[in-house]
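What follows is query.cif (mmCIF, C-alpha atoms; chains and numbers go by the auth columns).
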data_work
#
loop_
_atom_site.group_PDB
_atom_site.id
_atom_site.type_symbol
_atom_site.label_atom_id
_atom_site.label_comp_id
_atom_site.label_asym_id
_atom_site.label_seq_id
_atom_site.Cartn_x
_atom_site.Cartn_y
_atom_site.Cartn_z
_atom_site.B_iso_or_equiv
_atom_site.auth_seq_id
_atom_site.auth_asym_id
ATOM 1 C CA ALA A 1 125.969 52.705 -37.399 0.00 4 A
ATOM 2 C CA GLN A 2 122.908 54.696 -36.273 0.00 5 A
ATOM 3 C CA LEU A 3 120.805 51.548 -36.309 0.00 6 A
ATOM 4 C CA GLN A 4 123.369 49.783 -34.135 0.00 7 A
ATOM 5 C CA GLN A 5 123.185 52.645 -31.612 0.00 8 A
ATOM 6 C CA VAL A 6 119.400 52.416 -31.531 0.00 9 A
ATOM 7 C CA PHE A 7 119.459 48.678 -30.894 0.00 10 A
ATOM 8 C CA ALA A 8 122.338 48.977 -28.436 0.00 11 A
ATOM 9 C CA ARG A 9 119.926 50.300 -25.812 0.00 12 A
ATOM 10 C CA LYS A 10 118.428 47.358 -23.920 0.00 13 A
ATOM 11 C CA ASP A 11 114.890 48.708 -23.888 0.00 14 A
ATOM 12 C CA ASP A 12 114.626 49.169 -27.695 0.00 15 A
ATOM 13 C CA ASN A 13 116.098 45.827 -28.791 0.00 16 A
ATOM 14 C CA PRO A 14 113.218 43.415 -29.535 0.00 17 A
ATOM 15 C CA ALA A 15 115.663 40.495 -29.662 0.00 18 A
ATOM 16 C CA ARG A 16 116.632 41.107 -26.036 0.00 19 A
ATOM 17 C CA ARG A 17 112.999 41.038 -24.930 0.00 20 A
ATOM 18 C CA SER A 18 112.031 37.995 -27.011 0.00 21 A
ATOM 19 C CA LYS A 19 112.005 34.696 -25.120 0.00 22 A
ATOM 20 C CA GLY A 20 112.263 32.662 -28.378 0.00 23 A
ATOM 21 C CA VAL A 21 115.691 34.014 -29.347 0.00 24 A
ATOM 22 C CA PRO A 22 118.614 32.106 -27.817 0.00 25 A
ATOM 23 C CA ARG A 23 120.708 34.180 -25.441 0.00 26 A
ATOM 24 C CA SER A 24 123.850 33.853 -27.623 0.00 27 A
ATOM 25 C CA LEU A 25 122.035 35.471 -30.590 0.00 28 A
ATOM 26 C CA ARG A 26 120.625 38.446 -28.677 0.00 29 A
ATOM 27 C CA ALA A 27 123.705 40.650 -29.120 0.00 30 A
ATOM 28 C CA PRO A 28 123.239 43.319 -31.820 0.00 31 A
ATOM 29 C CA LYS A 29 126.581 42.460 -33.449 0.00 32 A
ATOM 30 C CA VAL A 30 125.407 38.889 -33.976 0.00 33 A
ATOM 31 C CA ALA A 31 122.111 40.076 -35.469 0.00 34 A
ATOM 32 C CA PHE A 32 123.877 42.462 -37.850 0.00 35 A
ATOM 33 C CA ALA A 33 126.370 39.784 -38.855 0.00 36 A
ATOM 34 C CA MET A 34 123.497 37.401 -39.619 0.00 37 A
ATOM 35 C CA MET A 35 121.688 40.091 -41.649 0.00 38 A
ATOM 36 C CA GLN A 36 124.875 40.763 -43.596 0.00 39 A
ATOM 37 C CA TRP A 37 125.361 37.036 -44.240 0.00 40 A
ATOM 38 C CA LEU A 38 121.749 36.689 -45.422 0.00 41 A
ATOM 39 C CA PHE A 39 122.057 39.750 -47.654 0.00 42 A
ATOM 40 C CA HIS A 40 125.225 38.410 -49.304 0.00 43 A
ATOM 41 C CA ALA A 41 123.664 34.978 -49.705 0.00 44 A
ATOM 42 C CA LEU A 42 120.619 36.423 -51.457 0.00 45 A
ATOM 43 C CA THR A 43 122.495 38.843 -53.713 0.00 46 A
ATOM 44 C CA ARG A 44 125.244 36.448 -54.826 0.00 47 A
ATOM 45 C CA GLY A 45 125.344 36.236 -58.615 0.00 48 A
ATOM 46 C CA LEU A 46 123.268 39.342 -59.264 0.00 49 A
ATOM 47 C CA VAL A 47 124.342 41.548 -62.146 0.00 50 A
ATOM 48 C CA GLN A 48 126.372 44.538 -61.050 0.00 51 A
ATOM 49 C CA CYS A 49 124.749 47.853 -61.937 0.00 52 A
ATOM 50 C CA PRO A 50 127.173 49.930 -64.020 0.00 53 A
ATOM 51 C CA GLU A 51 127.261 53.694 -64.175 0.00 54 A
ATOM 52 C CA GLU A 52 124.789 55.187 -66.659 0.00 55 A
ATOM 53 C CA ASP A 53 127.438 56.794 -68.855 0.00 56 A
ATOM 54 C CA ASP A 54 129.478 53.569 -68.964 0.00 57 A
ATOM 55 C CA GLU A 55 126.425 51.568 -69.952 0.00 58 A
ATOM 56 C CA ALA A 56 125.453 54.116 -72.618 0.00 59 A
ATOM 57 C CA ARG A 57 129.012 54.091 -73.983 0.00 60 A
ATOM 58 C CA GLY A 58 128.998 50.270 -73.940 0.00 61 A
ATOM 59 C CA ARG A 59 125.714 50.090 -75.834 0.00 62 A
ATOM 60 C CA ALA A 60 127.052 52.592 -78.397 0.00 63 A
ATOM 61 C CA LEU A 61 130.175 50.449 -78.832 0.00 64 A
ATOM 62 C CA LEU A 62 128.021 47.339 -79.287 0.00 65 A
ATOM 63 C CA LEU A 63 125.964 49.091 -81.958 0.00 66 A
ATOM 64 C CA GLN A 64 129.103 50.314 -83.716 0.00 67 A
ATOM 65 C CA GLY A 65 130.709 46.868 -83.503 0.00 68 A
ATOM 66 C CA ARG A 66 127.647 45.153 -84.958 0.00 69 A
ATOM 67 C CA GLU A 67 127.544 47.628 -87.830 0.00 70 A
ATOM 68 C CA MET A 68 131.253 47.090 -88.478 0.00 71 A
ATOM 69 C CA ARG A 69 130.751 43.310 -88.372 0.00 72 A
ATOM 70 C CA ASP A 70 127.878 43.505 -90.877 0.00 73 A
ATOM 71 C CA GLU A 71 129.951 45.718 -93.164 0.00 74 A
ATOM 72 C CA GLY A 72 132.956 43.382 -92.880 0.00 75 A
ATOM 73 C CA GLU A 73 130.853 40.328 -93.687 0.00 76 A
ATOM 74 C CA ALA A 74 129.397 42.148 -96.700 0.00 77 A
ATOM 75 C CA LEU A 75 132.901 43.032 -97.915 0.00 78 A
ATOM 76 C CA VAL A 76 134.102 39.434 -97.569 0.00 79 A
ATOM 77 C CA MET A 77 131.069 38.188 -99.500 0.00 80 A
ATOM 78 C CA GLN A 78 131.499 40.895 -102.139 0.00 81 A
ATOM 79 C CA GLY A 79 135.173 39.977 -102.596 0.00 82 A
ATOM 80 C CA ALA A 80 134.354 36.273 -102.781 0.00 83 A
ATOM 81 C CA ASP A 81 131.714 37.044 -105.400 0.00 84 A
ATOM 82 C CA ILE A 82 134.215 39.066 -107.431 0.00 85 A
ATOM 83 C CA LEU A 83 136.754 36.251 -107.268 0.00 86 A
ATOM 84 C CA SER A 84 134.220 33.546 -108.154 0.00 87 A
ATOM 85 C CA ARG A 85 133.313 35.381 -111.380 0.00 88 A
ATOM 86 C CA ILE A 86 136.940 35.483 -112.575 0.00 89 A
ATOM 87 C CA GLU A 87 137.640 32.661 -114.958 0.00 90 A
ATOM 88 C CA GLY A 88 140.881 30.911 -114.051 0.00 91 A
ATOM 89 C CA TYR A 89 140.912 31.998 -110.371 0.00 92 A
ATOM 90 C CA ARG A 90 141.910 29.335 -107.841 0.00 93 A
ATOM 91 C CA GLU A 91 141.936 29.721 -104.054 0.00 94 A
ATOM 92 C CA SER A 92 145.256 27.939 -103.834 0.00 95 A
ATOM 93 C CA GLY A 93 146.903 30.884 -105.574 0.00 96 A
ATOM 94 C CA ASP A 94 147.952 28.824 -108.605 0.00 97 A
ATOM 95 C CA HIS A 95 145.682 30.621 -111.061 0.00 98 A
ATOM 96 C CA ALA A 96 144.974 29.103 -114.445 0.00 99 A
ATOM 97 C CA ILE A 97 145.824 32.225 -116.408 0.00 100 A
ATOM 98 C CA ASP A 98 148.025 31.595 -119.421 0.00 101 A
ATOM 99 C CA ASP A 99 149.410 34.654 -121.203 0.00 102 A
ATOM 100 C CA ALA A 100 149.944 32.748 -124.442 0.00 103 A
ATOM 101 C CA GLU A 101 146.367 31.462 -124.520 0.00 104 A
ATOM 102 C CA LEU A 102 144.532 34.616 -123.322 0.00 105 A
ATOM 103 C CA GLY A 103 146.821 37.303 -124.580 0.00 106 A
ATOM 104 C CA GLU A 104 148.943 39.577 -122.438 0.00 107 A
ATOM 105 C CA THR A 105 146.301 42.296 -121.972 0.00 108 A
ATOM 106 C CA GLU A 106 143.503 39.903 -120.920 0.00 109 A
ATOM 107 C CA ALA A 107 145.811 37.977 -118.562 0.00 110 A
ATOM 108 C CA ARG A 108 146.961 41.248 -116.951 0.00 111 A
ATOM 109 C CA ARG A 109 143.322 42.377 -116.575 0.00 112 A
ATOM 110 C CA ARG A 110 142.325 39.094 -114.873 0.00 113 A
ATOM 111 C CA ARG A 111 145.300 39.236 -112.515 0.00 114 A
ATOM 112 C CA GLN A 112 144.343 42.804 -111.586 0.00 115 A
ATOM 113 C CA GLU A 113 140.753 41.695 -110.926 0.00 116 A
ATOM 114 C CA ILE A 114 142.088 38.913 -108.693 0.00 117 A
ATOM 115 C CA ARG A 115 144.222 41.413 -106.765 0.00 118 A
ATOM 116 C CA ASP A 116 141.230 43.755 -106.398 0.00 119 A
ATOM 117 C CA GLY A 117 138.966 40.929 -105.205 0.00 120 A
ATOM 118 C CA MET A 118 141.560 39.693 -102.715 0.00 121 A
ATOM 119 C CA LYS A 119 142.011 43.260 -101.448 0.00 122 A
ATOM 120 C CA VAL A 120 138.262 43.545 -100.794 0.00 123 A
ATOM 121 C CA VAL A 121 138.291 40.214 -98.913 0.00 124 A
ATOM 122 C CA ARG A 122 141.326 41.292 -96.875 0.00 125 A
ATOM 123 C CA GLU A 123 139.694 44.631 -95.983 0.00 126 A
ATOM 124 C CA GLY A 124 136.549 42.774 -94.928 0.00 127 A
ATOM 125 C CA LYS A 125 138.522 40.416 -92.679 0.00 128 A
ATOM 126 C CA GLU A 126 140.405 43.331 -91.105 0.00 129 A
ATOM 127 C CA LEU A 127 137.102 45.081 -90.459 0.00 130 A
ATOM 128 C CA LEU A 128 135.757 41.893 -88.848 0.00 131 A
ATOM 129 C CA GLU A 129 138.770 41.779 -86.523 0.00 132 A
ATOM 130 C CA ARG A 130 138.318 45.416 -85.511 0.00 133 A
ATOM 131 C CA ALA A 131 134.592 44.807 -85.007 0.00 134 A
ATOM 132 C CA SER A 132 135.276 41.918 -82.632 0.00 135 A
ATOM 133 C CA GLU A 133 137.599 44.162 -80.590 0.00 136 A
ATOM 134 C CA VAL A 134 134.975 46.924 -80.418 0.00 137 A
ATOM 135 C CA LEU A 135 132.310 44.381 -79.427 0.00 138 A
ATOM 136 C CA ALA A 136 134.535 42.995 -76.684 0.00 139 A
ATOM 137 C CA ASP A 137 135.084 46.518 -75.318 0.00 140 A
ATOM 138 C CA GLY A 138 131.341 47.152 -75.409 0.00 141 A
ATOM 139 C CA TYR A 139 130.491 43.896 -73.615 0.00 142 A
ATOM 140 C CA LYS A 140 132.856 44.866 -70.805 0.00 143 A
ATOM 141 C CA LEU A 141 130.820 48.018 -70.123 0.00 144 A
ATOM 142 C CA VAL A 142 127.263 46.603 -70.150 0.00 145 A
ATOM 143 C CA PRO A 143 125.813 44.371 -67.430 0.00 146 A
ATOM 144 C CA GLN A 144 126.188 40.649 -68.017 0.00 147 A
ATOM 145 C CA LEU A 145 124.705 37.635 -66.296 0.00 148 A
ATOM 146 C CA PRO A 146 127.291 35.197 -64.963 0.00 149 A
ATOM 147 C CA GLU A 147 127.815 32.275 -67.311 0.00 150 A
ATOM 148 C CA THR A 148 128.681 29.534 -64.823 0.00 151 A
ATOM 149 C CA THR A 149 127.180 26.073 -65.046 0.00 152 A
ATOM 150 C CA ALA A 150 125.820 26.283 -61.516 0.00 153 A
ATOM 151 C CA TYR A 151 124.026 29.556 -62.291 0.00 154 A
ATOM 152 C CA ARG A 152 122.589 28.152 -65.529 0.00 155 A
ATOM 153 C CA LEU A 153 121.288 25.076 -63.677 0.00 156 A
ATOM 154 C CA TYR A 154 119.804 27.332 -60.997 0.00 157 A
ATOM 155 C CA LEU A 155 117.937 29.392 -63.633 0.00 158 A
ATOM 156 C CA GLU A 156 116.743 26.229 -65.377 0.00 159 A
ATOM 157 C CA GLU A 157 115.380 24.936 -62.076 0.00 160 A
ATOM 158 C CA LEU A 158 113.568 28.251 -61.478 0.00 161 A
ATOM 159 C CA HIS A 159 112.119 28.042 -64.989 0.00 162 A
ATOM 160 C CA ARG A 160 110.949 24.475 -64.374 0.00 163 A
ATOM 161 C CA LEU A 161 109.313 25.504 -61.085 0.00 164 A
ATOM 162 C CA ALA A 162 107.628 28.492 -62.715 0.00 165 A
ATOM 163 C CA ARG A 163 106.215 26.285 -65.469 0.00 166 A
ATOM 164 C CA ALA A 164 104.990 23.753 -62.923 0.00 167 A
ATOM 165 C CA ALA A 165 103.369 26.500 -60.840 0.00 168 A
ATOM 166 C CA SER A 166 101.569 27.947 -63.872 0.00 169 A
ATOM 167 C CA LEU A 167 99.813 24.663 -64.739 0.00 170 A
#
This structure in structure tokens:
Amino acid sequence: AQLQQVFARKDDNPARRSKGVPRSLRAPKVAFAMMQWLFHALTRGLVQCPEEDDEARGRALLLQGREMRDEGEALVMQGADILSRIEGYRESGDHAIDDAELGETEARRRRQEIRDGMKVVREGKELLERASEVLADGYKLVPQLPETTAYRLYLEELHRLARAASL
């Protein structure tokens, strides 16, 4: 607003004195509208700058989510390893455990091991689900580049030009 007042005076407006500027563009409102249009054209697609505390909280959530994901994957693998070592275990649920052949105690022990292994896998999958939710919350708080095709093509073109200029 102060800048508009400065340029509103006829003597201080260089556009009014310039012979190369068409008469219709000499009004300060037109100049400011053109500057605003140019500014928006140049800043379109830039990453929004989040608040510092939001970004810090987002990065902490991303770290926590990645740790949870790693722990969940480890649990799933640990449970799968437990189940693969049990003789007679089948993924279909129709386990080849015969009480008459193995004895009641051994069959009960194997079934308990299967339940324990499946519990570890289930806990790992639940942890993976919670980790994906925490990661999604974290990604919402940190700055992200737009993922549109047009923006990707634009960046690829800039990369191509930069490579050509460096030769």
For the structure provided, state which residues fall under the PyMOL selection byres ((chain A and resi 109-123) around 8), and present them as an mmCIF file with C-alpha atoms, in the coordinates of the input.
data_model
loop_
_atom_site.group_PDB
_atom_site.id
_atom_site.type_symbol
_atom_site.label_atom_id
_atom_site.label_comp_id
_atom_site.auth_asym_id
_atom_site.auth_seq_id
_atom_site.Cartn_x
_atom_site.Cartn_y
_atom_site.Cartn_z
ATOM 1 C CA LEU A 78 132.901 43.032 -97.915
ATOM 2 C CA VAL A 79 134.102 39.434 -97.569
ATOM 3 C CA GLN A 81 131.499 40.895 -102.139
ATOM 4 C CA GLY A 82 135.173 39.977 -102.596
ATOM 5 C CA ALA A 83 134.354 36.273 -102.781
ATOM 6 C CA ILE A 85 134.215 39.066 -107.431
ATOM 7 C CA LEU A 86 136.754 36.251 -107.268
ATOM 8 C CA ILE A 89 136.940 35.483 -112.575
ATOM 9 C CA GLU A 90 137.640 32.661 -114.958
ATOM 10 C CA TYR A 92 140.912 31.998 -110.371
ATOM 11 C CA ILE A 100 145.824 32.225 -116.408
ATOM 12 C CA ASP A 101 148.025 31.595 -119.421
ATOM 13 C CA ASP A 102 149.410 34.654 -121.203
ATOM 14 C CA LEU A 105 144.532 34.616 -123.322
ATOM 15 C CA GLY A 106 146.821 37.303 -124.580
ATOM 16 C CA GLU A 107 148.943 39.577 -122.438
ATOM 17 C CA THR A 108 146.301 42.296 -121.972
ATOM 18 C CA VAL A 124 138.291 40.214 -98.913
ATOM 19 C CA ARG A 125 141.326 41.292 -96.875
ATOM 20 C CA GLU A 126 139.694 44.631 -95.983
ATOM 21 C CA GLY A 127 136.549 42.774 -94.928
#
What is the atom CA of A:His162-atom CA of A:Lys143 distance in Å, reported with one decimal?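 Atom CA of A:His162 sits 27.3 Å away from atom CA of A:Lys143.
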Using the chain letters and numbers from this file, what does the PyMOL selection byres ((chain A and resi 138) around 10) select? Give the answer as a PyMOL selection string. chain A and resi 61-69+71-72+132-137+139-143
Can you write just those residues out, C-alpha atoms, as an mmCIF file, in the coordinates of the input?
data_model
loop_
_atom_site.group_PDB
_atom_site.id
_atom_site.type_symbol
_atom_site.label_atom_id
_atom_site.label_comp_id
_atom_site.auth_asym_id
_atom_site.auth_seq_id
_atom_site.Cartn_x
_atom_site.Cartn_y
_atom_site.Cartn_z
ATOM 1 C CA GLY A 61 128.998 50.270 -73.940
ATOM 2 C CA ARG A 62 125.714 50.090 -75.834
ATOM 3 C CA ALA A 63 127.052 52.592 -78.397
ATOM 4 C CA LEU A 64 130.175 50.449 -78.832
ATOM 5 C CA LEU A 65 128.021 47.339 -79.287
ATOM 6 C CA LEU A 66 125.964 49.091 -81.958
ATOM 7 C CA GLN A 67 129.103 50.314 -83.716
ATOM 8 C CA GLY A 68 130.709 46.868 -83.503
ATOM 9 C CA ARG A 69 127.647 45.153 -84.958
ATOM 10 C CA MET A 71 131.253 47.090 -88.478
ATOM 11 C CA ARG A 72 130.751 43.310 -88.372
ATOM 12 C CA GLU A 132 138.770 41.779 -86.523
ATOM 13 C CA ARG A 133 138.318 45.416 -85.511
ATOM 14 C CA ALA A 134 134.592 44.807 -85.007
ATOM 15 C CA SER A 135 135.276 41.918 -82.632
ATOM 16 C CA GLU A 136 137.599 44.162 -80.590
ATOM 17 C CA VAL A 137 134.975 46.924 -80.418
ATOM 18 C CA ALA A 139 134.535 42.995 -76.684
ATOM 19 C CA ASP A 140 135.084 46.518 -75.318
ATOM 20 C CA GLY A 141 131.341 47.152 -75.409
ATOM 21 C CA TYR A 142 130.491 43.896 -73.615
ATOM 22 C CA LYS A 143 132.856 44.866 -70.805
#
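Pairwise distance (atom CA of A:Ala165, atom CA of A:Met37) equals 29.4 Å.
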